[in-house]
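Text of the file start_10.txt, holding compact mmCIF, C-alpha atoms:
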# COMPACT_ATOMS: atom_id res chain seq x y z
CA MET A 1 118.20 80.28 76.76
CA ILE A 2 120.58 82.78 78.35
CA TYR A 3 121.29 82.72 82.08
CA ILE A 4 122.47 85.88 83.86
CA TYR A 5 123.35 85.68 87.56
CA HIS A 6 123.63 89.06 89.26
CA ASP A 7 124.41 90.71 92.58
CA PHE A 8 126.21 93.77 93.94
CA GLY A 9 129.80 93.09 92.88
CA GLY A 10 129.46 90.22 90.43
CA THR A 11 132.59 88.48 91.67
CA HIS A 12 131.62 86.22 94.59
CA THR A 13 128.19 84.50 94.73
CA THR A 14 127.62 85.15 91.02
CA ALA A 15 130.94 83.49 90.18
CA MET A 16 129.99 80.59 92.44
CA ALA A 17 126.58 80.30 90.75
CA ALA A 18 128.17 80.23 87.30
CA ALA A 19 130.67 77.60 88.50
CA TYR A 20 127.89 75.38 89.87
CA HIS A 21 125.76 75.94 86.76
CA LEU A 22 128.64 74.95 84.47
CA LYS A 23 129.62 72.04 86.74
CA PHE A 24 133.05 73.48 87.59
CA LEU A 25 131.93 72.88 91.18
CA SER A 26 130.12 69.76 92.32
CA PRO A 27 127.43 69.71 94.99
CA SER A 28 128.67 68.10 98.16
CA SER A 29 127.68 67.63 101.77
CA GLN A 30 131.16 68.94 102.60
CA SER A 31 132.04 72.63 102.65
CA LEU A 32 134.02 73.92 99.71
CA THR A 33 137.75 73.97 100.33
CA GLN A 34 139.86 77.11 100.14
CA LYS A 35 141.53 75.69 97.02
CA GLU A 36 138.17 75.05 95.30
CA ILE A 37 136.90 78.53 96.15
CA LEU A 38 140.00 80.37 94.97
CA ALA A 39 139.99 78.34 91.71
CA ILE A 40 136.49 79.56 90.74
CA PRO A 41 136.84 81.69 87.59
CA PHE A 42 136.44 85.41 88.37
CA PHE A 43 136.01 84.77 92.12
CA ASN A 44 137.30 87.93 93.86
CA LYS A 45 138.98 89.05 90.62
CA LEU A 46 136.70 91.80 89.30
CA LYS A 47 137.26 95.49 90.02
CA LYS A 48 134.83 98.38 90.41
CA LYS A 49 135.35 99.27 86.75
CA ASP A 50 133.88 95.86 85.83
CA ALA A 51 130.49 96.82 87.31
CA GLY A 52 127.74 96.70 84.73
CA ARG A 53 129.71 94.43 82.38
CA LEU A 54 128.25 91.10 81.35
CA ILE A 55 130.93 88.47 82.00
CA PHE A 56 130.68 85.27 79.93
CA HIS A 57 131.52 82.11 81.91
CA GLY A 58 130.75 79.41 79.36
CA LYS A 59 127.97 77.24 77.98
CA ASP A 60 126.12 74.66 80.05
CA GLU A 61 125.44 71.03 79.10
CA GLU A 62 122.46 72.15 77.00
CA GLY A 63 124.51 74.78 75.14
CA ASN A 64 123.01 77.72 77.04
CA PRO A 65 125.37 80.65 77.70
CA VAL A 66 125.94 81.64 81.33
CA TYR A 67 126.82 85.22 82.26
CA THR A 68 127.24 87.23 85.43
CA ILE A 69 126.96 90.93 86.12
CA GLY A 70 127.76 93.14 89.08
CA ARG A 71 125.08 95.79 89.27
CA ARG A 72 126.55 97.68 92.28
CA ASN A 73 123.78 99.32 94.27
CA SER A 74 121.79 100.26 91.19
CA LYS A 75 118.34 98.73 91.09
CA LEU A 76 118.07 100.08 87.54
CA VAL A 77 120.45 97.69 85.77
CA ILE A 78 118.24 94.60 85.59
CA PRO A 79 115.02 96.47 84.65
CA ALA A 80 116.98 98.29 81.92
CA LEU A 81 118.36 94.99 80.59
CA LYS A 82 114.87 93.48 80.66
CA ASP A 83 113.51 96.43 78.68
CA LEU A 84 116.34 96.15 76.17
CA CYS A 85 115.56 92.45 75.72
CA SER A 86 111.89 93.30 75.17
CA ILE A 87 112.84 95.82 72.50
CA PHE A 88 115.01 93.22 70.73
CA GLU A 89 112.19 90.69 70.97
CA GLU A 90 109.60 93.08 69.51
CA ARG A 91 111.67 94.82 66.84
CA TYR A 92 114.16 92.18 65.72
CA ASP A 93 112.33 88.88 66.30
CA PHE A 94 114.79 88.02 69.06
CA ASP A 95 113.53 84.64 70.16
CA GLU A 96 115.72 83.73 73.11
CA LYS A 97 114.59 83.11 76.68
CA ILE A 98 116.60 85.16 79.20
CA ILE A 99 116.75 84.37 82.89
CA PHE A 100 117.96 86.97 85.40
CA SER A 101 118.70 85.29 88.74
CA ASP A 102 119.67 87.39 91.78
CA THR A 103 122.29 85.72 93.98
CA SER A 104 122.28 88.55 96.57
CA PRO A 105 120.07 86.73 99.08
CA THR A 106 122.72 84.02 99.51
CA VAL A 107 125.46 86.46 100.59
CA PRO A 108 126.39 85.90 104.26
CA LEU A 109 127.77 88.68 106.46
CA ALA A 110 131.33 87.28 106.31
CA MET A 111 131.27 87.56 102.51
CA THR A 112 129.90 91.11 102.64
CA PHE A 113 132.77 92.22 104.89
CA GLY A 114 135.28 90.10 102.97
CA GLY A 115 134.30 91.82 99.73
CA LEU A 116 134.52 95.23 101.39
CA PHE A 117 138.03 94.58 102.71
CA SER A 118 139.37 92.75 99.66
CA ARG A 119 137.71 94.45 96.68
CA GLY A 120 136.75 97.76 98.26
CA LEU A 121 139.81 98.54 100.36
CA GLY A 122 142.43 96.24 98.84
CA ILE A 123 143.18 94.57 102.18
CA ASP A 124 143.32 90.94 101.04
CA PHE A 125 144.89 89.50 104.19
CA ILE A 126 141.65 90.37 106.04
CA GLY A 127 139.18 90.12 103.15
CA VAL A 128 140.13 86.81 101.53
CA PRO A 129 139.80 84.66 104.70
CA LEU A 130 136.37 86.23 105.30
CA LEU A 131 135.39 85.54 101.69
CA ILE A 132 136.43 81.90 102.06
CA LYS A 133 134.38 81.55 105.26
CA GLY A 134 131.44 83.20 103.54
CA ALA A 135 131.72 80.99 100.45
CA GLN A 136 131.89 77.90 102.63
CA LYS A 137 128.79 79.02 104.49
CA CYS A 138 126.68 79.83 101.43
CA GLY A 139 127.90 77.19 98.96
CA ASN A 140 124.90 74.89 99.42
CA HIS A 141 122.45 77.81 99.15
CA VAL A 142 124.10 78.95 95.91
CA TYR A 143 123.92 75.42 94.49
CA GLN A 144 120.21 75.17 95.40
CA LEU A 145 119.61 78.61 93.87
CA VAL A 146 121.19 77.45 90.60
CA GLU A 147 119.12 74.27 90.49
CA SER A 148 115.97 76.28 91.24
CA THR A 149 116.87 78.80 88.52
CA LYS A 150 117.23 76.03 85.93
CA GLN A 151 113.93 74.46 87.01
CA ILE A 152 112.05 77.77 86.82
CA ALA A 153 113.55 78.42 83.38
CA HIS A 154 112.33 75.06 82.08
CA ASP A 155 108.92 75.22 83.78
CA ASN A 156 108.02 78.64 82.33
CA LYS A 157 107.75 77.66 78.68
CA ASP A 158 105.82 80.73 77.51
CA GLN A 159 107.68 83.43 79.40
CA LYS A 160 110.61 84.90 77.43
CA ILE A 161 112.14 87.13 80.12
CA ILE A 162 112.24 85.74 83.64
CA THR A 163 113.44 87.58 86.74
CA ILE A 164 114.07 85.52 89.86
CA GLU A 165 114.65 87.29 93.18
CA ASN A 166 115.52 84.12 95.14
CA LYS A 167 114.47 85.48 98.54
CA ARG A 168 113.97 81.95 99.87
CA PHE A 169 117.74 81.40 99.73
CA GLN A 170 118.39 84.10 102.34
CA ALA A 171 121.75 83.68 104.07
Any chance you could put this one into structure tokens?
Amino acid sequence: MIYIYHDFGGTHTTAMAAAYHLKFLSPSSQSLTQKEILAIPFFNKLKKKDAGRLIFHGKDEEGNPVYTIGRRNSKLVIPALKDLCSIFEERYDFDEKIIFSDTSPTVPLAMTFGGLFSRGLGIDFIGVPLLIKGAQKCGNHVYQLVESTKQIAHDNKDQKIITIENKRFQA
């Protein structure tokens, strides 16, 4: 099984999802601390040139690879990847389940503006505090999204390519 978490930039909620999935972050009733957030691999580190790149974060406890991708505003990236996977499955006996899980619904307004200021405009002294507030606000939603993604992946035994929109985790 291959997990791919995706959103606009691929560096905030996707990084958080990968960190929860790989147990770098633990679920808690407390908000994430600034230190925990800033220690998340790839959190607020990717640039515009990284858009469309699959970023490997590690393997989970079952040995499944976990990736993230920033798709920018293109709604074409995930359908194109799904089609490519279908081609590999049909032509090359590719027998791997792939799960595409959209983290966009979990993004709160503070994180949207934080990403704009920090990644878009390079104004970290405004952007980073907003990103931290946003990450603290959405941390539990992201964790629940990850747990739901894993459950859907395991429940759908016959489906090889799964796309999850996650609208119920709206910020």
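Neighbouring residues of segment 55-65 of chain A at 7 Å or closer, counting all atoms listed in the file and skipping chain neighbours under 4 positions away, are Met1, Ile2, Tyr3, Ala18, His21, Leu22 and Ile69 of chain A.
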Go ahead and dump the residues you just picked, C-alpha atoms, as an mmCIF file, in the frame of the given file.
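Final file, result30.cif:
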data_model
loop_
_atom_site.group_PDB
_atom_site.id
_atom_site.type_symbol
_atom_site.label_atom_id
_atom_site.label_comp_id
_atom_site.auth_asym_id
_atom_site.auth_seq_id
_atom_site.Cartn_x
_atom_site.Cartn_y
_atom_site.Cartn_z
ATOM 1 C CA MET A 1 118.200 80.280 76.760
ATOM 2 C CA ILE A 2 120.580 82.780 78.350
ATOM 3 C CA TYR A 3 121.290 82.720 82.080
ATOM 4 C CA ALA A 18 128.170 80.230 87.300
ATOM 5 C CA HIS A 21 125.760 75.940 86.760
ATOM 6 C CA LEU A 22 128.640 74.950 84.470
ATOM 7 C CA ILE A 69 126.960 90.930 86.120
#
- Among the residues A:Ala51, A:Ile161, A:Met111, A:Leu38, the one that comes closest to Ile87 of chain A [using only C-alpha atoms]: A:Ile161
- Computed interatomic separation between atom CA of Thr68 of chain A and atom CA of Ala80 of chain A (Å):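 Computing it gives 15.5 Å between the two atoms.
Near Arg71 of chain A, within a cut-off of 8 Å and counting all atoms listed in the file, sit the residues A:His6, A:Asp7, A:Phe8, A:Gly9, A:Gly10, A:Ala51, A:Gly52, A:Val77, A:Ile78, with same-chain residues fewer than 6 positions away left out.
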- Min atom-atom distance to Lys137 of chain A from the set A:Leu116, A:Ala110, A:Ile123, A:Leu25, counting only C-alpha atoms, belongs to A:Ala110
Excluding Arg168 of chain A and any residue of its chain fewer than 5 positions from it, enumerate the residues within 10 Å of it, using all atoms listed in the file, and give them as a compact mmCIF listing (two decimals) with C-alpha atoms, in the coordinates of the input.
# COMPACT_ATOMS: atom_id res chain seq x y z
CA PRO A 105 120.07 86.73 99.08
CA THR A 106 122.72 84.02 99.51
CA HIS A 141 122.45 77.81 99.15
CA LEU A 145 119.61 78.61 93.87
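Using only C-alpha atoms for every distance, the candidate list A:Ile99, A:Leu121, A:Cys138, A:Leu130 yields A:Ile99 as the residue closest to Glu165 of chain A.
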- What is the atom CA of Thr149 of chain A to atom CA of Ser101 of chain A distance in Å?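 Between these atoms lies a distance of 6.7 Å.
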- Query: Rounded to one decimal in Å, what is the spacing between atom CA of Thr33 of chain A and atom CA of Val128 of chain A?
  - Reply: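 Separation of atom CA of Thr33 of chain A and atom CA of Val128 of chain A: 13.1 Å.
Across A:Leu46, A:Ile4, A:Ala17, A:Cys85, the tightest approach to Ile164 of chain A is made by A:Ile4 when counting all atoms listed in the file.
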- Task: Determine, counting only C-alpha atoms, which protein, DNA and RNA residues have an atom within 7 Å of an atom of Leu131 of chain A; residues of the same chain fewer than 2 positions away are not included. Present the result as a PyMOL selection string.
- Result: chain A and resi 110-111+114-115+127-129+133-135
Output segment 137-162 of chain A with N, CA and C atoms present, as a compact mmCIF listing (two decimals), in the frame of the given file.
# COMPACT_ATOMS: atom_id res chain seq x y z
N LYS A 137 130.10 78.97 103.85
CA LYS A 137 128.79 79.02 104.49
C LYS A 137 127.64 78.99 103.48
N CYS A 138 127.81 79.68 102.36
CA CYS A 138 126.68 79.83 101.43
C CYS A 138 126.72 78.88 100.24
N GLY A 139 127.75 78.06 100.13
CA GLY A 139 127.90 77.19 98.96
C GLY A 139 126.67 76.36 98.64
N ASN A 140 126.08 75.73 99.65
CA ASN A 140 124.90 74.89 99.42
C ASN A 140 123.70 75.73 98.97
N HIS A 141 123.55 76.92 99.56
CA HIS A 141 122.45 77.81 99.15
C HIS A 141 122.61 78.22 97.68
N VAL A 142 123.85 78.54 97.30
CA VAL A 142 124.10 78.95 95.91
C VAL A 142 123.79 77.79 94.96
N TYR A 143 124.22 76.59 95.32
CA TYR A 143 123.92 75.42 94.49
C TYR A 143 122.41 75.24 94.33
N GLN A 144 121.67 75.32 95.45
CA GLN A 144 120.21 75.17 95.40
C GLN A 144 119.57 76.27 94.57
N LEU A 145 120.09 77.49 94.67
CA LEU A 145 119.61 78.61 93.87
C LEU A 145 119.77 78.30 92.37
N VAL A 146 120.93 77.79 92.00
CA VAL A 146 121.19 77.45 90.60
C VAL A 146 120.22 76.37 90.11
N GLU A 147 120.03 75.34 90.89
CA GLU A 147 119.12 74.27 90.49
C GLU A 147 117.69 74.80 90.37
N SER A 148 117.29 75.66 91.30
CA SER A 148 115.97 76.28 91.24
C SER A 148 115.83 77.17 90.01
N THR A 149 116.87 77.93 89.69
CA THR A 149 116.87 78.80 88.52
C THR A 149 116.66 77.99 87.25
N LYS A 150 117.38 76.89 87.11
CA LYS A 150 117.23 76.03 85.93
C LYS A 150 115.81 75.45 85.84
N GLN A 151 115.28 75.04 86.99
CA GLN A 151 113.93 74.46 87.01
C GLN A 151 112.88 75.50 86.61
N ILE A 152 112.99 76.70 87.17
CA ILE A 152 112.05 77.77 86.82
C ILE A 152 112.14 78.09 85.33
N ALA A 153 113.35 78.13 84.81
CA ALA A 153 113.55 78.42 83.38
C ALA A 153 112.85 77.39 82.51
N HIS A 154 112.95 76.13 82.88
CA HIS A 154 112.33 75.06 82.08
C HIS A 154 110.82 74.97 82.29
N ASP A 155 110.35 75.31 83.49
CA ASP A 155 108.92 75.22 83.78
C ASP A 155 108.11 76.33 83.12
N ASN A 156 108.72 77.49 82.90
CA ASN A 156 108.02 78.64 82.33
C ASN A 156 108.25 78.68 80.82
N LYS A 157 107.55 77.82 80.12
CA LYS A 157 107.75 77.66 78.68
C LYS A 157 107.38 78.92 77.88
N ASP A 158 106.33 79.61 78.30
CA ASP A 158 105.82 80.73 77.51
C ASP A 158 106.46 82.07 77.84
N GLN A 159 107.10 82.16 78.97
CA GLN A 159 107.68 83.43 79.40
C GLN A 159 109.08 83.58 78.80
N LYS A 160 109.33 84.68 78.11
CA LYS A 160 110.61 84.90 77.43
C LYS A 160 111.65 85.54 78.34
N ILE A 161 111.22 86.44 79.22
CA ILE A 161 112.14 87.13 80.12
C ILE A 161 111.70 86.83 81.54
N ILE A 162 112.58 86.18 82.29
CA ILE A 162 112.24 85.74 83.64
C ILE A 162 113.20 86.40 84.63
